[in-house]
$ cat input-v6.cif   # mmCIF, C-alpha atoms
data_my_file
#
loop_
_atom_site.label_atom_id
_atom_site.label_comp_id
_atom_site.auth_asym_id
_atom_site.auth_seq_id
_atom_site.Cartn_x
_atom_site.Cartn_y
_atom_site.Cartn_z
CA MET A 1 -16.34 83.66 -203.28
CA LYS A 2 -13.83 83.16 -200.51
CA GLY A 3 -13.33 79.64 -199.23
CA PRO A 4 -12.17 78.63 -195.75
CA LEU A 5 -8.47 79.11 -195.02
CA PHE A 6 -5.98 76.26 -195.12
CA TYR A 7 -2.64 76.65 -193.42
CA SER A 8 0.92 75.65 -194.19
CA LYS A 9 2.57 72.94 -192.12
CA ILE A 10 5.95 72.19 -190.63
CA LEU A 11 7.21 68.64 -190.33
CA LEU A 12 9.27 69.12 -187.16
CA PHE A 13 10.67 65.60 -187.28
CA GLY A 14 10.51 62.70 -189.68
CA GLU A 15 11.59 63.99 -193.10
CA TYR A 16 12.78 60.98 -195.16
CA GLY A 17 12.59 58.77 -192.07
CA ILE A 18 8.81 58.40 -192.32
CA ILE A 19 9.32 56.76 -195.72
CA LYS A 20 11.04 54.00 -193.73
CA ASP A 21 8.71 53.99 -190.72
CA SER A 22 10.40 56.39 -188.36
CA LYS A 23 8.23 58.50 -186.09
CA GLY A 24 7.25 61.94 -187.29
CA LEU A 25 5.62 65.06 -185.90
CA SER A 26 3.89 67.60 -188.08
CA ILE A 27 2.35 70.87 -186.89
CA PRO A 28 0.18 73.51 -188.62
CA TYR A 29 1.94 76.81 -189.24
CA ASN A 30 -0.65 79.59 -189.36
CA PHE A 31 1.67 82.30 -190.66
CA PHE A 32 1.06 81.18 -194.26
CA LYS A 33 -2.30 80.23 -195.70
CA GLY A 34 -4.37 79.76 -198.82
CA ALA A 35 -8.02 79.76 -199.93
CA LEU A 36 -10.04 79.12 -203.08
CA LYS A 37 -11.23 82.33 -204.70
CA THR A 38 -12.89 83.45 -207.91
CA GLU A 39 -12.17 86.63 -209.79
CA HIS A 40 -12.69 88.05 -213.24
CA PRO A 41 -10.57 88.94 -215.09
CA LEU A 42 -7.77 86.80 -213.68
CA SER A 43 -4.38 88.31 -212.85
CA ASP A 44 -1.33 86.50 -214.28
CA VAL A 45 -0.66 84.66 -211.04
CA ALA A 46 -4.31 83.65 -210.64
CA LYS A 47 -4.40 82.54 -214.27
CA ARG A 48 -1.44 80.18 -213.75
CA SER A 49 -3.16 78.74 -210.69
CA ASN A 50 -6.42 78.31 -212.61
CA GLU A 51 -4.63 76.50 -215.47
CA SER A 52 -2.87 74.20 -213.03
CA LEU A 53 -6.18 73.46 -211.27
CA ARG A 54 -7.76 72.47 -214.59
CA LYS A 55 -5.07 69.80 -215.03
CA PHE A 56 -5.52 68.81 -211.40
CA ALA A 57 -9.26 68.33 -212.02
CA ASP A 58 -8.41 65.78 -214.75
CA HIS A 59 -6.12 64.02 -212.28
CA LEU A 60 -8.96 63.83 -209.73
CA GLU A 61 -11.30 62.41 -212.36
CA GLN A 62 -8.69 59.73 -213.09
CA ILE A 63 -8.35 58.87 -209.38
CA GLN A 64 -12.06 58.29 -208.91
CA ASN A 65 -12.29 56.23 -212.11
CA GLU A 66 -9.36 54.03 -211.08
CA ASP A 67 -10.51 53.53 -207.50
CA PRO A 68 -14.21 54.45 -207.08
CA SER A 69 -14.33 53.19 -203.49
CA LEU A 70 -11.52 55.50 -202.35
CA VAL A 71 -13.10 58.87 -203.12
CA GLN A 72 -15.64 60.58 -205.36
CA PHE A 73 -15.63 64.27 -206.32
CA GLU A 74 -18.18 66.70 -207.68
CA ILE A 75 -16.08 67.01 -210.83
CA GLU A 76 -18.73 68.86 -212.84
CA ASN A 77 -19.06 71.56 -210.19
CA LEU A 78 -15.28 71.85 -209.93
CA LYS A 79 -14.92 72.31 -213.69
CA LYS A 80 -17.79 74.81 -213.75
CA ASP A 81 -16.12 76.89 -211.01
CA LEU A 82 -12.79 76.75 -212.85
CA LYS A 83 -14.50 78.11 -215.96
CA LYS A 84 -15.80 80.98 -213.84
CA GLY A 85 -12.21 81.83 -212.86
CA MET A 86 -11.55 79.97 -209.61
CA TYR A 87 -7.95 79.78 -208.42
CA PHE A 88 -6.01 79.08 -205.22
CA ASP A 89 -4.97 82.32 -203.57
CA SER A 90 -2.02 81.48 -201.35
CA SER A 91 0.72 83.17 -199.35
CA ILE A 92 2.51 79.82 -198.87
CA PRO A 93 5.81 79.96 -200.75
CA GLN A 94 6.20 77.08 -203.21
CA GLY A 95 9.21 74.80 -202.99
CA TYR A 96 9.89 75.82 -199.38
CA GLY A 97 8.99 72.57 -197.64
CA ILE A 98 6.00 73.91 -195.76
CA GLY A 99 3.17 72.34 -197.71
CA SER A 100 1.97 74.69 -200.44
CA SER A 101 0.43 71.83 -202.45
CA GLY A 102 -0.90 70.26 -199.23
CA ALA A 103 -3.04 73.31 -198.47
CA LEU A 104 -4.39 73.33 -202.03
CA VAL A 105 -5.27 69.61 -201.88
CA ALA A 106 -7.04 70.14 -198.53
CA ALA A 107 -9.06 73.07 -199.93
CA ILE A 108 -10.21 71.10 -202.99
CA TYR A 109 -11.13 68.02 -200.91
CA ASP A 110 -13.04 70.20 -198.45
CA LYS A 111 -15.12 71.83 -201.19
CA TYR A 112 -15.60 69.07 -203.77
CA ALA A 113 -15.30 65.63 -202.14
CA LYS A 114 -18.54 63.68 -201.77
CA ASP A 115 -19.20 62.05 -198.34
CA LYS A 116 -16.13 63.77 -196.96
CA ILE A 117 -14.67 62.96 -193.57
CA THR A 118 -14.89 66.13 -191.50
CA VAL A 119 -12.84 67.49 -188.63
CA LEU A 120 -15.93 67.48 -186.41
CA GLU A 121 -16.42 63.72 -186.35
CA ASN A 122 -14.64 61.22 -184.16
CA LEU A 123 -11.37 60.86 -186.03
CA THR A 124 -10.53 57.19 -185.57
CA ARG A 125 -7.24 55.81 -186.82
CA GLU A 126 -9.12 54.20 -189.73
CA LYS A 127 -10.58 57.56 -190.80
CA LEU A 128 -7.20 59.29 -190.54
CA LEU A 129 -5.55 56.58 -192.63
CA HIS A 130 -8.35 56.74 -195.19
CA LEU A 131 -7.95 60.53 -195.44
CA LYS A 132 -4.18 60.15 -195.70
CA ALA A 133 -4.60 57.63 -198.56
CA ILE A 134 -6.97 59.97 -200.43
CA PHE A 135 -4.65 62.94 -199.94
CA GLY A 136 -1.60 60.90 -201.01
CA LYS A 137 -3.32 60.03 -204.30
CA MET A 138 -4.45 63.63 -204.83
CA GLU A 139 -1.08 65.20 -204.03
CA SER A 140 0.84 62.75 -206.22
CA PHE A 141 -0.18 65.10 -209.07
CA PHE A 142 2.37 67.61 -207.71
CA HIS A 143 5.16 65.41 -206.34
CA GLY A 144 5.08 62.05 -208.10
CA LYS A 145 4.77 60.20 -204.78
CA SER A 146 3.15 61.67 -201.69
CA SER A 147 2.57 60.39 -198.16
CA GLY A 148 -0.59 62.53 -197.91
CA LEU A 149 0.56 63.98 -194.59
CA ASP A 150 0.86 67.62 -195.66
CA PRO A 151 -2.75 67.89 -196.84
CA LEU A 152 -3.89 65.94 -193.77
CA ASN A 153 -2.22 68.45 -191.50
CA SER A 154 -3.60 71.38 -193.43
CA TYR A 155 -7.11 69.90 -193.56
CA LEU A 156 -7.34 69.07 -189.85
CA SER A 157 -5.25 72.01 -188.61
CA LEU A 158 -4.03 69.78 -185.78
CA PRO A 159 -0.59 68.46 -184.87
CA ILE A 160 -0.18 64.92 -186.21
CA LEU A 161 1.95 62.22 -184.64
CA ILE A 162 3.20 59.60 -187.05
CA ASN A 163 4.06 56.41 -185.19
CA SER A 164 4.56 54.42 -188.39
CA GLN A 165 3.10 54.44 -191.91
CA ASP A 166 -0.12 52.79 -190.82
CA ASN A 167 -0.35 54.27 -187.35
CA ILE A 168 -1.07 57.99 -187.14
CA GLU A 169 -3.01 60.06 -184.63
CA SER A 170 -3.82 63.68 -183.93
CA THR A 171 -1.92 64.84 -180.88
CA SER A 172 -1.32 67.89 -178.72
CA ILE A 173 2.06 69.51 -178.24
CA PRO A 174 3.29 71.26 -175.09
CA SER A 175 1.96 74.81 -175.05
CA GLN A 176 4.47 77.46 -175.97
CA ASN A 177 6.36 79.52 -173.45
CA ILE A 178 6.12 82.86 -175.25
CA ASN A 179 8.83 84.38 -173.03
CA GLY A 180 11.11 81.36 -173.31
CA LYS A 181 14.64 81.76 -174.69
CA GLY A 182 14.47 78.48 -176.58
CA ALA A 183 12.93 78.41 -180.04
CA VAL A 184 12.20 76.49 -183.20
CA PHE A 185 12.84 78.77 -186.17
CA LEU A 186 12.82 78.78 -189.95
CA LEU A 187 15.93 79.91 -191.81
CA ASP A 188 15.30 81.11 -195.36
CA SER A 189 17.77 79.58 -197.83
CA GLY A 190 16.68 82.14 -200.42
CA MET A 191 16.12 79.47 -203.06
CA THR A 192 13.35 77.01 -203.87
CA GLY A 193 13.78 73.26 -203.66
CA GLU A 194 11.98 70.58 -205.62
CA THR A 195 10.69 67.53 -203.83
CA ALA A 196 10.83 64.92 -206.61
CA PRO A 197 14.60 65.16 -207.41
CA MET A 198 15.48 65.10 -203.70
CA VAL A 199 13.36 62.00 -203.08
CA GLN A 200 15.05 60.45 -206.14
CA ILE A 201 18.51 61.06 -204.58
CA PHE A 202 17.29 59.50 -201.33
CA MET A 203 15.95 56.40 -203.12
CA GLU A 204 19.28 56.01 -204.93
CA LYS A 205 21.12 56.23 -201.60
CA MET A 206 18.79 53.60 -200.15
CA LYS A 207 20.30 51.05 -202.57
CA ASN A 208 23.51 51.31 -200.56
CA GLU A 209 23.60 48.99 -197.56
CA GLY A 210 25.83 51.32 -195.55
CA PHE A 211 23.36 54.16 -195.96
CA ARG A 212 20.45 51.91 -194.97
CA THR A 213 22.29 51.00 -191.77
CA VAL A 214 22.97 54.67 -190.95
CA LEU A 215 19.32 55.48 -191.60
CA LYS A 216 18.10 52.75 -189.26
CA ASP A 217 20.72 52.90 -186.49
CA GLN A 218 21.27 56.65 -186.35
CA PHE A 219 18.83 58.80 -188.30
CA ILE A 220 15.64 56.99 -187.29
CA ARG A 221 16.82 56.36 -183.73
CA HIS A 222 17.52 60.06 -183.11
CA THR A 223 14.37 61.16 -184.95
CA ASP A 224 12.19 58.90 -182.78
CA ALA A 225 13.92 60.18 -179.65
CA CYS A 226 13.40 63.82 -180.72
CA VAL A 227 9.68 63.22 -181.21
CA GLU A 228 9.38 61.64 -177.74
CA ASP A 229 11.43 64.44 -176.13
CA PHE A 230 9.47 67.20 -177.83
CA LEU A 231 6.07 65.77 -176.89
CA THR A 232 7.06 65.17 -173.26
CA GLY A 233 8.83 68.54 -172.97
CA ASN A 234 12.20 66.96 -172.14
CA ILE A 235 14.28 69.86 -173.47
CA LYS A 236 17.70 68.71 -172.24
CA SER A 237 17.39 65.34 -173.90
CA LEU A 238 15.81 66.91 -177.00
CA PHE A 239 18.84 69.09 -177.69
CA GLY A 240 21.21 66.17 -177.15
CA ASN A 241 19.33 64.17 -179.77
CA LEU A 242 19.00 67.17 -182.08
CA LYS A 243 22.77 67.61 -182.12
CA GLN A 244 23.22 63.97 -183.13
CA LEU A 245 20.49 64.24 -185.76
CA SER A 246 21.97 67.42 -187.23
CA HIS A 247 25.34 65.65 -187.45
CA VAL A 248 23.89 62.61 -189.24
CA VAL A 249 22.14 64.85 -191.79
CA LEU A 250 25.33 66.84 -192.46
CA ASP A 251 27.34 63.64 -192.93
CA HIS A 252 24.87 61.62 -194.98
CA PHE A 253 22.29 63.99 -196.54
CA LYS A 254 24.68 66.61 -197.97
CA PRO A 255 23.00 66.81 -201.42
CA MET A 256 19.78 67.90 -199.67
CA ILE A 257 21.54 70.84 -197.94
CA PRO A 258 22.18 73.88 -200.16
CA GLN A 259 25.95 74.24 -200.61
CA GLN A 260 26.23 77.66 -198.96
CA PHE A 261 24.70 76.28 -195.74
CA HIS A 262 27.18 73.45 -195.13
CA GLU A 263 29.43 75.73 -193.06
CA LEU A 264 26.56 77.27 -191.06
CA TRP A 265 25.29 73.76 -190.34
CA LYS A 266 28.71 72.74 -189.01
CA LYS A 267 29.06 75.97 -187.04
CA GLY A 268 25.83 75.23 -185.17
CA ILE A 269 27.06 71.78 -184.13
CA GLU A 270 30.46 73.14 -183.07
CA THR A 271 29.21 76.17 -181.10
CA ASN A 272 25.98 74.56 -179.77
CA ASP A 273 24.29 77.94 -180.45
CA TYR A 274 21.71 76.22 -182.69
CA TYR A 275 21.18 72.96 -184.58
CA LEU A 276 19.88 72.83 -188.12
CA LYS A 277 17.84 70.14 -189.83
CA LEU A 278 15.94 69.67 -193.06
CA CYS A 279 12.48 71.17 -193.41
CA GLY A 280 10.68 68.90 -195.85
CA SER A 281 12.80 67.34 -198.59
CA GLY A 282 15.50 70.02 -198.60
CA GLY A 283 17.41 71.22 -201.65
CA GLY A 284 16.36 74.79 -200.86
CA GLY A 285 13.35 76.46 -199.26
CA TYR A 286 13.40 76.69 -195.49
CA ILE A 287 15.86 75.03 -193.16
CA LEU A 288 14.59 74.23 -189.67
CA GLY A 289 16.57 75.40 -186.66
CA PHE A 290 16.40 74.68 -182.94
CA THR A 291 18.10 76.78 -180.29
CA GLU A 292 18.14 77.07 -176.50
CA ASP A 293 18.90 80.78 -176.81
CA ILE A 294 17.29 82.57 -179.73
CA GLU A 295 19.25 85.82 -179.21
CA LYS A 296 22.53 83.93 -179.35
CA ALA A 297 21.39 82.12 -182.49
CA ARG A 298 20.44 85.44 -184.12
CA GLN A 299 23.94 86.75 -183.38
CA THR A 300 25.68 83.70 -184.80
CA LEU A 301 23.37 83.70 -187.84
CA LYS A 302 23.66 87.46 -188.45
CA GLY A 303 22.71 88.41 -191.98
CA HIS A 304 20.18 85.56 -192.26
CA LYS A 305 16.43 85.86 -191.92
CA LEU A 306 15.05 83.87 -188.97
CA GLU A 307 11.35 83.31 -188.35
CA VAL A 308 10.42 81.90 -184.94
CA VAL A 309 7.63 79.32 -185.12
CA TYR A 310 7.60 77.98 -181.56
CA ASN A 311 9.06 79.11 -178.21
CA PHE A 312 10.26 76.90 -175.37
#

$ encode --input "input-v6.cif" --output "structure tokens"
Amino acid sequence: MKGPLFYSKILLFGEYGIIKDSKGLSIPYNFFKGALKTEHPLSDVAKRSNESLRKFADHLEQIQNEDPSLVQFEIENLKKDLKKGMYFDSSIPQGYGIGSSGALVAAIYDKYAKDKITVLENLTREKLLHLKAIFGKMESFFHGKSSGLDPLNSYLSLPILINSQDNIESTSIPSQNINGKGAVFLLDSGMTGETAPMVQIFMEKMKNEGFRTVLKDQFIRHTDACVEDFLTGNIKSLFGNLKQLSHVVLDHFKPMIPQQFHELWKKGIETNDYYLKLCGSGGGGYILGFTEDIEKARQTLKGHKLEVVYNF
């Protein structure tokens, strides 16, 4: 058995901000993917996945018992398939901020949800919000609290524009200029990050009035502007806002940036060769970079692995 493929995602803009109603923009990233498979006997990796899925099945049963109107699953079929050795075969690195659990949630919903909302129907705002609510509940098994956006992106395989928590829509982004010098890239920090502790740090910071002001007046303002600039293709303005955003993150989100990247972060702002920002909750995994000249950025970041995800 080989299920349909579900892709990783990149939240280009909106990390942390979307918790407090900033805009956000999330795009599918087809380089990494996962699918449900069955094999016998199970390899060690597949076995761990299968065991985790068994616990996840209990979580899904709990969700439908607590809120029957939200979603219903074919739990018996799911458990039967797990007994036969089903697991999630994925190339998406875990703890890297690109939605490994989101792809898994999307795959399980796609195969086992009753009366599921499909990509082929007219996706009204109500349907998108309903899907997001279901996915948030499902993914909370992995993260404690989840917005449901990662699985939504993976499930629909479409860019998603977040206007606010209760206003989301699928959108289109400017088509890539494959020969363009400008690029969005991923920088591998070489270590995994965990979402829950990072979100905990953020929530603690939110108790401080000064931090709340910075979030609203600077972080959210620049994030919203970046989303607008990116969607309208206003590159000059985009890089101006990115520089400001990168600065705010370096000054106020230091615990989310791995220690050894503080200097590289600063170097980007000082040289204007690239600007770095968090990819997901931070703490490790990938760091997101933007540059107007990818060759220059490669030079300045020599010794680091860069993966281009979008060309301007």

$ closest_atom_pairs --input "input-v6.cif" --of "region 123-185 of chain A" --to "region 42-66 of chain A" --cutoff "10 Å" --atoms "all atoms listed in the file" --output "JSON lines"
{"residue": "A:Ile134", "atom": "CA", "partner": "A:Ile63", "partner_atom": "CA", "distance": 9.1}
{"residue": "A:Lys137", "atom": "CA", "partner": "A:Ile63", "partner_atom": "CA", "distance": 7.2}
{"residue": "A:Met138", "atom": "CA", "partner": "A:Leu60", "partner_atom": "CA", "distance": 6.7}
{"residue": "A:Glu139", "atom": "CA", "partner": "A:Phe56", "partner_atom": "CA", "distance": 9.3}
{"residue": "A:Ser140", "atom": "CA", "partner": "A:His59", "partner_atom": "CA", "distance": 9.3}
{"residue": "A:Phe141", "atom": "CA", "partner": "A:His59", "partner_atom": "CA", "distance": 6.8}
{"residue": "A:Phe142", "atom": "CA", "partner": "A:Phe56", "partner_atom": "CA", "distance": 8.8}

$ resolve_selection --input "input-v6.cif" --expression "the PyMOL selection byres ((chain A and resi 101) around 12)" --output "VMD selection string"
chain A and resid 6 to 9 33 to 35 49 52 to 53 56 88 to 100 102 to 108 135 to 136 138 to 143 146 148 to 155 195

$ resolve_selection --input "input-v6.cif" --expression "the PyMOL selection byres ((chain A and resi 255) around 12)" --output "ChimeraX atom specification"
/A:193,197-202,204-205,249-254,256-262,278,281-284

$ atom_distance --input "input-v6.cif" --atom1 "CA of Glu209 (chain A)" --atom2 "CA of Ser246 (chain A)"
21.2 Å

$ residues_around --input "input-v6.cif" --residues "region 299-301 of chain A" --least-positions-apart "3" --cutoff "10 Å" --atoms "only C-alpha atoms" --output "PyMOL selection string"
chain A and resi 187+264+267-268+271+273-274+294-296+304-306

$ atom_distance --input "input-v6.cif" --atom1 "CA of Ser164 (chain A)" --atom2 "CA of Gly24 (chain A)"
8.1 Å

$ resolve_selection --input "input-v6.cif" --expression "the PyMOL selection byres ((chain A and resi 130) around 12)" --output "VMD selection string"
chain A and resid 69 to 71 116 to 117 123 to 129 131 to 137 147 to 149 152 166 to 168
